[in-house]
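K.L.:
File name final-v4.csv; file contents CSV, C-alpha atoms; full text below.
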```
chain,number,residue,atom,x,y,z
A,28,MET,CA,-2.3,-35.4,-9.8
A,29,THR,CA,-4.3,-32.6,-8.1
A,30,GLU,CA,-5.3,-34.9,-5.3
A,31,LYS,CA,-1.7,-35.4,-4.4
A,32,VAL,CA,-0.7,-31.8,-4.8
A,33,LEU,CA,0.3,-31.3,-1.1
A,34,GLU,CA,1.6,-34.8,-0.6
A,35,THR,CA,5.1,-33.8,0.1
A,36,THR,CA,4.0,-31.0,2.3
A,37,LEU,CA,2.0,-33.3,4.4
A,38,GLN,CA,4.8,-35.8,4.6
A,39,VAL,CA,7.3,-33.2,5.7
A,40,LEU,CA,4.8,-31.8,8.3
A,41,LYS,CA,4.3,-35.3,9.7
A,42,GLU,CA,7.9,-36.4,9.8
A,43,ASP,CA,9.5,-33.4,11.3
A,44,ALA,CA,6.9,-31.3,13.0
A,45,GLU,CA,9.2,-30.5,15.9
A,46,GLY,CA,12.1,-29.5,13.7
A,47,ILE,CA,9.9,-27.2,11.6
A,48,LEU,CA,8.5,-25.6,14.8
A,49,VAL,CA,11.9,-24.8,16.1
A,50,ASP,CA,13.2,-23.5,12.8
A,51,TRP,CA,10.0,-21.5,12.3
A,52,ILE,CA,10.4,-19.7,15.6
A,53,ASP,CA,14.0,-19.0,14.9
A,54,GLN,CA,13.2,-17.7,11.5
A,55,ALA,CA,10.4,-15.5,12.9
A,56,ASP,CA,12.9,-14.1,15.4
A,57,GLU,CA,15.3,-13.4,12.6
A,58,ASP,CA,12.6,-11.6,10.6
A,59,GLY,CA,12.0,-9.4,13.6
A,60,ALA,CA,8.6,-10.8,14.5
A,61,LYS,CA,9.7,-11.8,18.0
A,62,ARG,CA,8.4,-9.6,20.8
A,63,SER,CA,9.8,-11.2,23.9
A,64,ASP,CA,8.8,-7.9,25.7
A,65,LEU,CA,5.2,-8.7,24.9
A,66,PHE,CA,4.8,-12.4,25.3
A,67,SER,CA,7.1,-15.1,26.7
A,68,GLU,CA,9.0,-17.6,24.6
A,69,ARG,CA,7.0,-20.4,25.9
A,70,GLU,CA,3.7,-18.8,25.0
A,71,GLY,CA,5.0,-18.0,21.5
A,72,ARG,CA,6.1,-21.7,21.2
A,73,ASP,CA,2.8,-23.1,22.3
A,74,GLN,CA,0.9,-20.8,20.0
A,75,ALA,CA,3.1,-21.7,17.1
A,76,ALA,CA,2.7,-25.4,17.9
A,77,SER,CA,-1.1,-25.3,17.9
A,78,MET,CA,-1.0,-23.3,14.7
A,79,LEU,CA,1.3,-25.9,13.1
A,80,ARG,CA,-1.0,-28.7,14.2
A,81,ALA,CA,-4.1,-27.0,12.7
A,82,PHE,CA,-2.1,-26.3,9.6
A,83,ARG,CA,-1.2,-29.9,9.2
A,84,LEU,CA,-4.8,-31.0,9.6
A,85,GLY,CA,-5.9,-28.4,7.1
A,86,VAL,CA,-3.2,-29.6,4.6
A,87,ARG,CA,-4.3,-33.2,5.1
A,88,ASP,CA,-7.9,-32.5,4.2
A,89,THR,CA,-6.9,-30.2,1.4
A,90,SER,CA,-4.6,-32.7,-0.1
A,91,ARG,CA,-7.6,-35.0,-0.4
A,92,GLU,CA,-9.7,-32.5,-2.1
A,93,GLY,CA,-7.1,-30.6,-4.1
A,94,ASP,CA,-8.4,-27.1,-4.2
A,95,PHE,CA,-7.3,-24.5,-1.7
A,96,ASP,CA,-9.7,-22.1,-0.1
A,97,LEU,CA,-9.2,-20.5,3.3
A,98,ARG,CA,-13.0,-20.3,3.8
A,99,ASP,CA,-13.3,-24.1,3.5
A,100,GLU,CA,-14.5,-26.2,6.4
A,101,HIS,CA,-11.2,-27.9,7.0
A,102,TRP,CA,-9.4,-24.6,7.6
A,103,ALA,CA,-11.9,-23.7,10.3
A,104,ASP,CA,-9.6,-24.9,13.1
A,105,LEU,CA,-6.7,-22.9,11.9
A,106,ARG,CA,-8.8,-19.8,11.4
A,107,GLY,CA,-10.0,-20.1,14.9
A,108,ILE,CA,-6.5,-20.4,16.3
A,109,LEU,CA,-5.3,-17.6,14.1
A,110,SER,CA,-7.9,-15.2,15.3
A,111,GLU,CA,-7.4,-16.2,18.9
A,112,ILE,CA,-3.7,-15.6,18.7
A,113,THR,CA,-4.1,-12.4,16.8
A,114,HIS,CA,-6.7,-11.2,19.3
A,115,GLU,CA,-4.3,-11.9,22.2
A,116,ARG,CA,-1.4,-10.2,20.6
A,117,VAL,CA,-3.4,-7.1,19.6
A,118,GLU,CA,-4.2,-6.6,23.2
A,119,ARG,CA,-0.6,-6.7,24.1
A,120,GLY,CA,0.3,-4.2,21.4
A,121,VAL,CA,1.9,-6.4,18.7
A,122,LEU,CA,1.8,-4.7,15.3
A,123,PRO,CA,-0.1,-6.2,12.4
A,124,GLY,CA,3.0,-6.4,10.3
A,125,GLU,CA,4.8,-8.4,13.0
A,126,MET,CA,1.9,-10.8,13.2
A,127,ALA,CA,2.0,-11.3,9.5
A,128,ALA,CA,5.8,-11.7,9.5
A,129,PHE,CA,5.4,-14.4,12.1
A,130,VAL,CA,3.0,-16.4,9.9
A,131,LEU,CA,5.0,-15.9,6.8
A,132,ALA,CA,8.2,-17.1,8.5
A,133,LEU,CA,6.8,-20.6,8.3
A,134,LYS,CA,7.6,-20.7,4.7
A,135,THR,CA,11.4,-20.9,5.1
A,136,PRO,CA,11.6,-24.1,7.2
A,137,LEU,CA,8.8,-25.7,5.2
A,138,PHE,CA,10.2,-25.0,1.8
A,139,SER,CA,13.8,-26.0,2.6
A,140,ARG,CA,12.5,-29.4,3.8
A,141,MET,CA,10.3,-29.8,0.8
A,142,SER,CA,13.1,-29.0,-1.6
A,143,GLN,CA,15.3,-31.7,0.1
A,144,LYS,CA,12.5,-34.2,-0.4
A,145,LEU,CA,11.8,-33.3,-4.0
A,146,GLU,CA,15.3,-33.0,-5.1
A,147,GLY,CA,15.5,-33.5,-8.9
A,148,GLU,CA,11.7,-33.0,-9.3
A,149,ALA,CA,11.8,-29.3,-9.9
A,150,SER,CA,8.4,-29.0,-11.5
A,151,LYS,CA,6.6,-30.9,-8.7
A,152,LEU,CA,8.4,-28.8,-6.1
A,153,ILE,CA,7.4,-25.6,-7.7
A,154,GLU,CA,3.8,-26.7,-8.0
A,155,GLU,CA,3.6,-27.6,-4.4
A,156,ILE,CA,5.4,-24.5,-3.2
A,157,LEU,CA,3.0,-22.4,-5.2
A,158,VAL,CA,0.0,-23.9,-3.4
A,159,VAL,CA,1.5,-23.8,0.1
A,160,SER,CA,2.8,-20.3,-0.5
A,161,LYS,CA,-0.7,-19.2,-1.5
A,162,ALA,CA,-2.1,-20.8,1.6
A,163,ILE,CA,0.4,-19.2,4.0
A,164,ASP,CA,-0.1,-15.8,2.4
A,165,ALA,CA,-3.8,-16.2,2.9
A,166,PHE,CA,-3.2,-16.9,6.6
A,167,ALA,CA,-1.1,-13.8,6.9
A,168,ILE,CA,-3.8,-11.7,5.2
A,169,TYR,CA,-6.3,-13.3,7.5
A,170,THR,CA,-4.4,-12.2,10.6
A,171,ASN,CA,-4.5,-8.7,9.2
A,172,GLU,CA,-8.2,-8.8,8.7
A,173,VAL,CA,-8.7,-10.0,12.3
A,174,PHE,CA,-6.5,-7.1,13.3
A,175,ILE,CA,-8.7,-4.6,11.5
A,176,ALA,CA,-11.9,-6.1,12.8
A,177,GLU,CA,-10.5,-5.8,16.4
A,178,ARG,CA,-9.6,-2.2,15.8
A,179,GLU,CA,-13.0,-1.4,14.4
A,180,GLN,CA,-14.6,-2.8,17.5
A,181,ILE,CA,-12.4,-0.6,19.6
A,182,ILE,CA,-13.3,2.5,17.6
A,183,GLU,CA,-17.0,1.6,17.9
A,184,ARG,CA,-16.8,1.3,21.6
A,185,GLN,CA,-14.9,4.5,22.0
A,186,ARG,CA,-17.5,6.4,19.9
A,187,ASP,CA,-20.2,5.1,22.2
A,188,GLU,CA,-18.2,6.2,25.2
A,189,MET,CA,-17.6,9.6,23.7
A,190,LEU,CA,-21.3,10.1,23.0
A,191,GLU,CA,-21.9,9.5,26.7
A,192,LEU,CA,-19.1,11.7,27.8
A,193,SER,CA,-20.2,14.5,25.5
A,194,THR,CA,-23.4,15.0,27.5
A,195,PRO,CA,-22.1,15.7,31.0
A,196,VAL,CA,-24.6,17.0,33.4
A,197,VAL,CA,-22.9,19.0,36.2
A,198,GLU,CA,-24.3,20.1,39.5
A,199,LEU,CA,-23.3,23.7,40.1
A,200,TRP,CA,-25.2,24.2,43.3
A,201,ASP,CA,-28.0,22.5,45.2
A,202,LYS,CA,-30.9,22.2,42.7
A,203,VAL,CA,-28.9,23.9,39.9
A,204,LEU,CA,-27.6,21.8,37.0
A,205,THR,CA,-25.7,22.8,34.0
A,206,LEU,CA,-25.1,21.0,30.7
A,207,PRO,CA,-22.4,22.4,28.5
A,208,LEU,CA,-22.9,21.5,24.9
A,209,ILE,CA,-19.9,21.3,22.5
A,210,GLY,CA,-19.7,20.6,18.8
A,211,THR,CA,-22.7,19.7,16.6
A,212,LEU,CA,-26.1,18.7,17.9
A,213,ASP,CA,-27.5,16.0,15.7
A,214,SER,CA,-30.7,14.1,16.4
A,215,LEU,CA,-28.9,11.2,18.1
A,216,ARG,CA,-27.0,13.5,20.4
A,217,ALA,CA,-30.0,15.7,21.1
A,218,GLN,CA,-31.8,12.5,22.3
A,219,GLU,CA,-28.9,11.6,24.6
A,220,VAL,CA,-28.8,15.1,25.9
A,221,MET,CA,-32.5,15.1,26.7
A,222,GLU,CA,-32.4,11.8,28.4
A,223,SER,CA,-29.4,12.4,30.6
A,224,LEU,CA,-30.7,15.8,31.5
A,225,LEU,CA,-34.1,14.6,32.5
A,226,GLN,CA,-32.6,11.8,34.4
A,227,ALA,CA,-30.4,14.2,36.3
A,228,ILE,CA,-33.3,16.4,37.1
A,229,VAL,CA,-35.0,13.5,38.9
A,230,GLU,CA,-31.9,12.3,40.7
A,231,ARG,CA,-30.7,15.7,41.9
A,232,GLN,CA,-34.1,17.2,42.4
A,233,ALA,CA,-33.1,20.2,40.3
A,234,GLU,CA,-35.1,23.3,40.0
A,235,VAL,CA,-33.0,25.2,37.4
A,236,VAL,CA,-31.1,23.8,34.5
A,237,ILE,CA,-28.6,25.8,32.4
A,238,VAL,CA,-28.0,24.5,28.9
A,239,ASP,CA,-24.9,26.3,27.7
A,240,ILE,CA,-24.3,26.4,24.0
A,241,THR,CA,-21.2,28.5,23.9
A,242,GLY,CA,-19.4,25.6,22.3
A,243,VAL,CA,-22.0,24.9,19.7
A,244,LYS,CA,-20.8,26.1,16.3
A,245,THR,CA,-24.0,26.5,14.3
A,246,VAL,CA,-27.6,26.7,15.4
A,247,ASP,CA,-29.8,25.9,12.5
A,248,THR,CA,-33.5,25.2,12.7
A,249,GLN,CA,-33.0,21.6,13.7
A,250,VAL,CA,-30.6,22.4,16.5
A,251,ALA,CA,-33.0,25.1,17.7
A,252,GLN,CA,-35.8,22.7,17.5
A,253,HIS,CA,-33.9,20.2,19.7
A,254,LEU,CA,-33.0,22.9,22.2
A,255,LEU,CA,-36.6,24.1,22.5
A,256,ARG,CA,-37.9,20.6,22.9
A,257,THR,CA,-35.4,19.9,25.6
A,258,ALA,CA,-36.5,23.1,27.3
A,259,ALA,CA,-40.1,22.1,27.0
A,260,ALA,CA,-39.4,18.7,28.5
A,261,VAL,CA,-37.5,20.2,31.4
A,262,ARG,CA,-40.5,22.5,32.1
A,263,LEU,CA,-42.8,19.5,32.1
A,264,MET,CA,-40.6,18.1,34.8
A,265,GLY,CA,-41.2,21.1,36.9
A,266,ALA,CA,-37.8,22.7,36.5
A,267,ARG,CA,-36.8,25.9,34.7
A,268,CYS,CA,-34.5,25.9,31.7
A,269,ILE,CA,-32.1,28.7,30.8
A,270,ILE,CA,-30.3,28.5,27.6
A,271,SER,CA,-27.0,30.4,27.8
A,272,GLY,CA,-24.0,31.2,25.6
A,273,ILE,CA,-25.9,32.6,22.7
A,274,SER,CA,-23.4,34.7,20.8
A,275,PRO,CA,-24.4,37.9,18.9
A,276,LYS,CA,-24.0,36.2,15.6
A,277,ILE,CA,-26.0,33.2,16.6
A,278,ALA,CA,-28.7,35.5,17.9
A,279,GLN,CA,-28.9,37.4,14.6
A,280,THR,CA,-29.0,34.2,12.6
A,281,MET,CA,-31.7,32.7,14.8
A,282,VAL,CA,-33.8,35.9,14.3
A,283,GLU,CA,-33.3,35.6,10.6
A,284,LEU,CA,-34.3,32.0,10.6
A,285,GLY,CA,-37.5,33.0,12.4
A,286,VAL,CA,-36.9,30.8,15.4
A,287,ASP,CA,-39.1,31.9,18.2
A,288,VAL,CA,-37.7,30.8,21.6
A,289,GLY,CA,-41.1,31.6,23.2
A,290,GLU,CA,-41.1,31.3,27.0
A,291,VAL,CA,-37.7,29.7,27.2
A,292,ARG,CA,-35.3,31.9,29.1
A,293,THR,CA,-32.1,32.8,27.3
A,294,ARG,CA,-28.9,34.5,28.6
A,295,SER,CA,-25.9,35.7,26.7
A,296,SER,CA,-23.3,34.1,29.0
A,297,ILE,CA,-23.2,31.3,31.5
A,298,LYS,CA,-22.2,33.9,34.1
A,299,ASN,CA,-25.5,35.7,33.8
A,300,ALA,CA,-27.4,32.4,33.7
A,301,LEU,CA,-25.7,31.3,36.9
A,302,THR,CA,-26.6,34.5,38.7
A,303,ASP,CA,-30.1,34.1,37.5
A,304,ALA,CA,-30.3,30.5,38.5
A,305,LEU,CA,-28.9,31.1,42.0
A,306,THR,CA,-31.2,34.0,42.6
A,307,SER,CA,-34.2,31.8,41.8
A,308,VAL,CA,-33.1,29.1,44.3
A,309,GLY,CA,-32.4,31.9,46.9
A,310,VAL,CA,-28.6,32.0,47.0
A,311,ALA,CA,-26.2,34.7,45.9
A,312,ILE,CA,-22.5,35.0,45.2
A,313,ARG,CA,-21.0,38.0,47.1
A,314,ALA,CA,-17.5,39.4,47.7
A,315,ILE,CA,-16.0,38.6,51.0
A,316,GLU,CA,-16.1,41.9,52.9
A,317,ASP,CA,-12.8,41.7,54.9
A,318,SER,CA,-10.9,40.2,52.0
A,319,PRO,CA,-7.8,42.2,51.1
A,320,ARG,CA,-8.8,41.9,47.4
A,321,SER,CA,-12.3,43.4,47.9
A,322,GLY,CA,-10.9,46.9,47.4
A,323,LYS,CA,-11.9,48.4,50.7
B,4,MET,CA,-14.8,32.3,3.6
B,5,LYS,CA,-12.5,32.8,6.5
B,6,ALA,CA,-9.5,32.8,4.1
B,7,LYS,CA,-11.2,35.5,2.0
B,8,GLY,CA,-11.5,37.7,5.1
B,9,SER,CA,-15.2,37.4,5.6
B,10,ARG,CA,-16.8,38.6,8.8
B,11,ASP,CA,-17.7,36.1,11.5
B,12,LEU,CA,-21.4,37.0,11.3
B,13,MET,CA,-21.5,36.5,7.6
B,14,ILE,CA,-19.8,33.1,8.0
B,15,THR,CA,-22.3,32.0,10.7
B,16,ARG,CA,-25.2,33.1,8.6
B,17,PHE,CA,-24.1,31.4,5.4
B,18,VAL,CA,-23.0,28.2,7.2
B,19,THR,CA,-26.4,28.0,8.8
B,20,ALA,CA,-28.1,28.4,5.5
B,21,VAL,CA,-25.9,25.7,4.0
B,22,SER,CA,-26.7,23.4,6.9
B,23,GLU,CA,-30.5,24.0,6.4
B,24,ILE,CA,-30.4,23.2,2.7
B,25,ALA,CA,-28.0,20.3,3.1
B,26,ARG,CA,-30.3,18.7,5.6
B,27,ASN,CA,-33.3,19.3,3.4
B,28,ALA,CA,-31.5,17.5,0.6
B,29,ALA,CA,-30.7,14.6,2.9
B,30,THR,CA,-34.1,14.2,4.5
B,31,HIS,CA,-36.4,15.1,1.6
B,32,GLY,CA,-34.3,14.7,-1.5
B,33,GLU,CA,-32.8,11.3,-0.7
B,34,GLY,CA,-29.3,12.9,-0.6
B,35,GLY,CA,-27.5,14.6,-3.4
B,36,ARG,CA,-24.5,16.6,-4.5
B,37,MET,CA,-23.1,19.8,-3.1
B,38,LEU,CA,-20.9,21.9,-5.2
B,39,ILE,CA,-18.8,24.8,-4.0
B,40,TYR,CA,-17.8,27.5,-6.4
B,41,ASP,CA,-15.2,30.2,-6.5
B,42,LEU,CA,-17.0,32.9,-8.3
B,43,PRO,CA,-15.5,35.5,-10.7
B,44,ASP,CA,-16.5,38.1,-8.1
B,45,PRO,CA,-13.9,37.5,-5.3
B,46,THR,CA,-16.3,38.9,-2.7
B,47,LEU,CA,-18.8,36.0,-3.2
B,48,ILE,CA,-18.8,32.3,-2.6
B,49,GLY,CA,-21.3,30.1,-4.4
B,50,VAL,CA,-22.9,26.8,-3.3
B,51,GLU,CA,-25.1,24.6,-5.4
B,52,PHE,CA,-27.2,21.6,-4.1
B,53,ILE,CA,-28.5,19.1,-6.5
B,54,ASP,CA,-30.8,16.2,-5.5
B,55,GLU,CA,-32.9,13.8,-7.4
B,56,GLY,CA,-35.6,13.3,-4.8
B,57,ARG,CA,-39.3,13.8,-5.0
B,58,GLY,CA,-39.1,17.5,-5.5
B,59,ILE,CA,-41.3,20.3,-4.2
B,60,ARG,CA,-44.8,20.7,-5.6
B,61,ASP,CA,-45.3,24.3,-4.6
B,62,VAL,CA,-42.1,26.2,-4.0
B,63,GLU,CA,-43.9,29.4,-2.9
B,64,THR,CA,-45.8,27.6,-0.1
B,65,ALA,CA,-42.6,25.7,0.9
B,66,LEU,CA,-40.8,29.0,1.4
B,67,THR,CA,-43.5,30.2,3.8
B,68,ASP,CA,-42.5,30.1,7.4
B,69,GLY,CA,-44.3,27.5,9.4
B,70,TYR,CA,-45.1,25.3,6.5
B,71,SER,CA,-43.7,21.8,6.7
B,72,THR,CA,-44.5,18.3,5.4
B,73,ARG,CA,-43.2,16.9,8.7
B,74,LYS,CA,-44.8,17.0,12.1
B,75,ASN,CA,-41.8,17.6,14.2
B,76,SER,CA,-40.3,20.4,12.3
B,77,LEU,CA,-40.4,24.2,12.6
B,78,GLY,CA,-40.9,24.6,8.9
B,79,ARG,CA,-38.6,27.6,8.7
B,80,GLY,CA,-35.5,26.1,7.2
B,81,LEU,CA,-36.1,26.9,3.5
B,82,GLY,CA,-37.4,30.4,4.1
B,83,GLY,CA,-34.7,31.0,6.7
B,84,ALA,CA,-32.0,29.9,4.4
B,85,LYS,CA,-33.3,32.3,1.8
B,86,ARG,CA,-33.1,35.2,4.2
B,87,LEU,CA,-29.7,34.2,5.5
B,88,ALA,CA,-28.0,33.8,2.1
B,89,ASN,CA,-27.0,36.7,-0.1
B,90,THR,CA,-28.8,35.4,-3.2
B,91,PHE,CA,-31.0,32.3,-3.3
B,92,THR,CA,-32.6,30.5,-6.2
B,93,ILE,CA,-34.6,27.3,-6.1
B,94,GLU,CA,-35.8,25.2,-9.0
B,95,SER,CA,-37.8,22.1,-8.4
B,96,LYS,CA,-39.7,19.6,-10.5
B,97,PRO,CA,-42.0,17.2,-8.7
B,98,ASP,CA,-40.5,13.6,-8.8
B,99,LYS,CA,-37.4,14.9,-10.6
B,100,GLY,CA,-35.5,16.7,-7.9
B,101,THR,CA,-34.5,20.1,-6.6
B,102,VAL,CA,-31.6,22.4,-7.3
B,103,VAL,CA,-30.8,25.2,-4.9
B,104,ARG,CA,-28.1,27.9,-5.6
B,105,MET,CA,-26.9,30.3,-3.0
B,106,THR,CA,-24.2,32.9,-2.6
B,107,GLY,CA,-22.6,34.2,0.5
B,108,ILE,CA,-20.8,37.5,1.0
B,109,CYS,CA,-17.1,37.4,1.8
B,110,THR,CA,-16.2,41.0,2.4
B,111,LYS,CA,-14.9,42.6,5.6
B,112,ARG,CA,-17.6,45.3,5.7
```
Show the structure stored in the file as structure tokens.
P.N.:
Amino acid sequence: MTEKVLETTLQVLKEDAEGILVDWIDQADEDGAKRSDLFSEREGRDQAASMLRAFRLGVRDTSREGDFDLRDEHWADLRGILSEITHERVERGVLPGEMAAFVLALKTPLFSRMSQKLEGEASKLIEEILVVSKAIDAFAIYTNEVFIAEREQIIERQRDEMLELSTPVVELWDKVLTLPLIGTLDSLRAQEVMESLLQAIVERQAEVVIVDITGVKTVDTQVAQHLLRTAAAVRLMGARCIISGISPKIAQTMVELGVDVGEVRTRSSIKNALTDALTSVGVAIRAIEDSPRSGK
Amino acid sequence: MKAKGSRDLMITRFVTAVSEIARNAATHGEGGRMLIYDLPDPTLIGVEFIDEGRGIRDVETALTDGYSTRKNSLGRGLGGAKRLANTFTIESKPDKGTVVRMTGICTKR
């Protein structure tokens, strides 16, 4: 009995593949899974057709073996097609619910044909519907899993991008660079900061580097350690490092921690640090003498 | 602490102390639990760190500035946290774990 569990399903799929396809797409439209704004009717039809084909092959092999398991070898085709279609639709902005509704809509045309075939054999009909239903549910869940995996990849990529963006080295003047730090400085970020800073020193032939920590919330011993090491590396490159934006409360906390900044230059504000840096490269910012706003 | 009207300086100090101890628990103590207490005295806040790591053999030495089991470390975290917190107690048994309790002051003065 078990070997023939999907017999009718297979028969129905063979006999009226075209009809099922049309009804399926109609049903999906009715269930609100149609997004003609995001992909054309023809595309949707082609995708549905290839899914149906893979589904039939899967059903054929399953009906030989009996047991249903989406991870089985003979569902590999369908899995591939599902993830391909899901991937395509995610990129176009289809919602996961819509994708699942689209897959689930296959039940209606399939079941109505099966019940015609098995009229008067209620128990066999229920048995088959149970198995097919389970299979289609599994596909719907599978599309959701693909969706989540896609999203996670996007998040991962954005995190990487953010890590790079969060260490912007800006050229303020010839040979003067600044690096505004914001947020928390963990070991990973500290490494990024150091690398991009040292690279920039070489590229721009910088002589002074201002590391601004106005946006850094807490400076504990580890953060201080990272800052001091960065400063030491900058010095080894022949440039000077000024750490600016040390607030009174951070200054007091650092003293209490016993952090010794040694020879590293520190300034309370980026303004002071900039004046300092410009002086050391031989430039100054002055008021324009005949400007109406200069007060004379 | 902010809700209780604590001064910014006190917040910075206490947050830094908490950060030090939390990182110690993570790097030396193989992670652990952190509990935050609302104490009967409304001007205080309590934090407790419990880890089951390898513990500290000689707490006195560990509290000394400049002492560290690691090469790339300033060795000031533990002592610094003690100075930054209002009260600070540490209990440690080798190979059993470490418990650190600290309080911070939440008054406006």
K.L.:
What does the distance from atom CA of B:Gly69 to atom CA of A:Thr248 come to in Å, to one decimal?
P.N.:
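Those two atoms sit 11.5 Å apart.
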K.L.:
With all atoms listed in the file considered, list every residue of chain A at most 6 Å from chain B, as a list in words.
P.N.:
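Going by the stated atoms only, the list reads Asp247, Thr248, Lys276, Thr280 and Leu284 of chain A.
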K.L.:
In Å, with one decimal, what is the gap from atom CA of A:Glu283 to atom CA of A:Thr302?
P.N.:
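Atom-to-atom, atom CA of A:Glu283 and atom CA of A:Thr302 are spaced 28.9 Å apart.
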K.L.:
Env of A:Thr211: 8 Å cut, atoms = only C-alpha atoms, seq-sep filter 6 positions within chain, self excluded. Answer as a ChimeraX atom specification.
P.N.:
/A:243-245
K.L.:
List the neighbours of stretch 94-109 of chain B out to 10 Å using only C-alpha atoms; skip same-chain residues closer than 5 positions along the sequence, and give me the result as an MDAnalysis selection string.
P.N.:
chainID B and resid 4:11 13:14 16:18 20:21 24:25 28 31:33 35:40 42 44:62 84:85 87:89
K.L.:
Would you list the contacts of stretch 162-172 of chain A as a VMD selection string, taking every protein, DNA or RNA residue within 10 Å and counting only C-alpha atoms, but skipping same-chain residues closer than 5 positions in sequence?
P.N.:
chain A and resid 82 86 95 to 97 102 105 to 106 109 to 114 122 to 124 126 to 134 156 to 157 177 to 178
K.L.:
Measure the distance from atom CA of A:Gln74 to atom CA of A:Leu37 in Å and round it to one decimal.
P.N.:
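Here the two named atoms are 20.0 Å from each other.
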K.L.:
Using only C-alpha atoms, which protein or nucleic acid residues come within 12 Å of A:Ser296? Drop anything in the same chain fewer than 5 positions from it, and give the result as a list in words.
P.N.:
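Contacts, in chain order: Pro207, Ile237, Val238, Asp239, Ile240, Thr241, Gly242, Ile269, Ile270, Ser271, Gly272, Ile273, Ser274, Pro275, Leu301, Thr302 and Asp303 of chain A.
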K.L.:
Which of these, A:Val235, A:Ala217, A:Leu225, A:Leu204, has the shortest distance to A:Ala251 once you count all atoms listed in the file?
P.N.:
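Smallest separation from A:Ala251 among the options: A:Ala217.
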K.L.:
Padding 8 Å on each side, edges along x, y and z: where is the centre of the box around the listed atoms of stretch 53-61 of chain B, and how long are its edges in Å to one decimal? Output it as JSON.
P.N.:
```
{"center_x": -36.9, "center_y": 18.8, "center_z": -5.8, "size_x": 32.8, "size_y": 27.0, "size_z": 19.2}
```
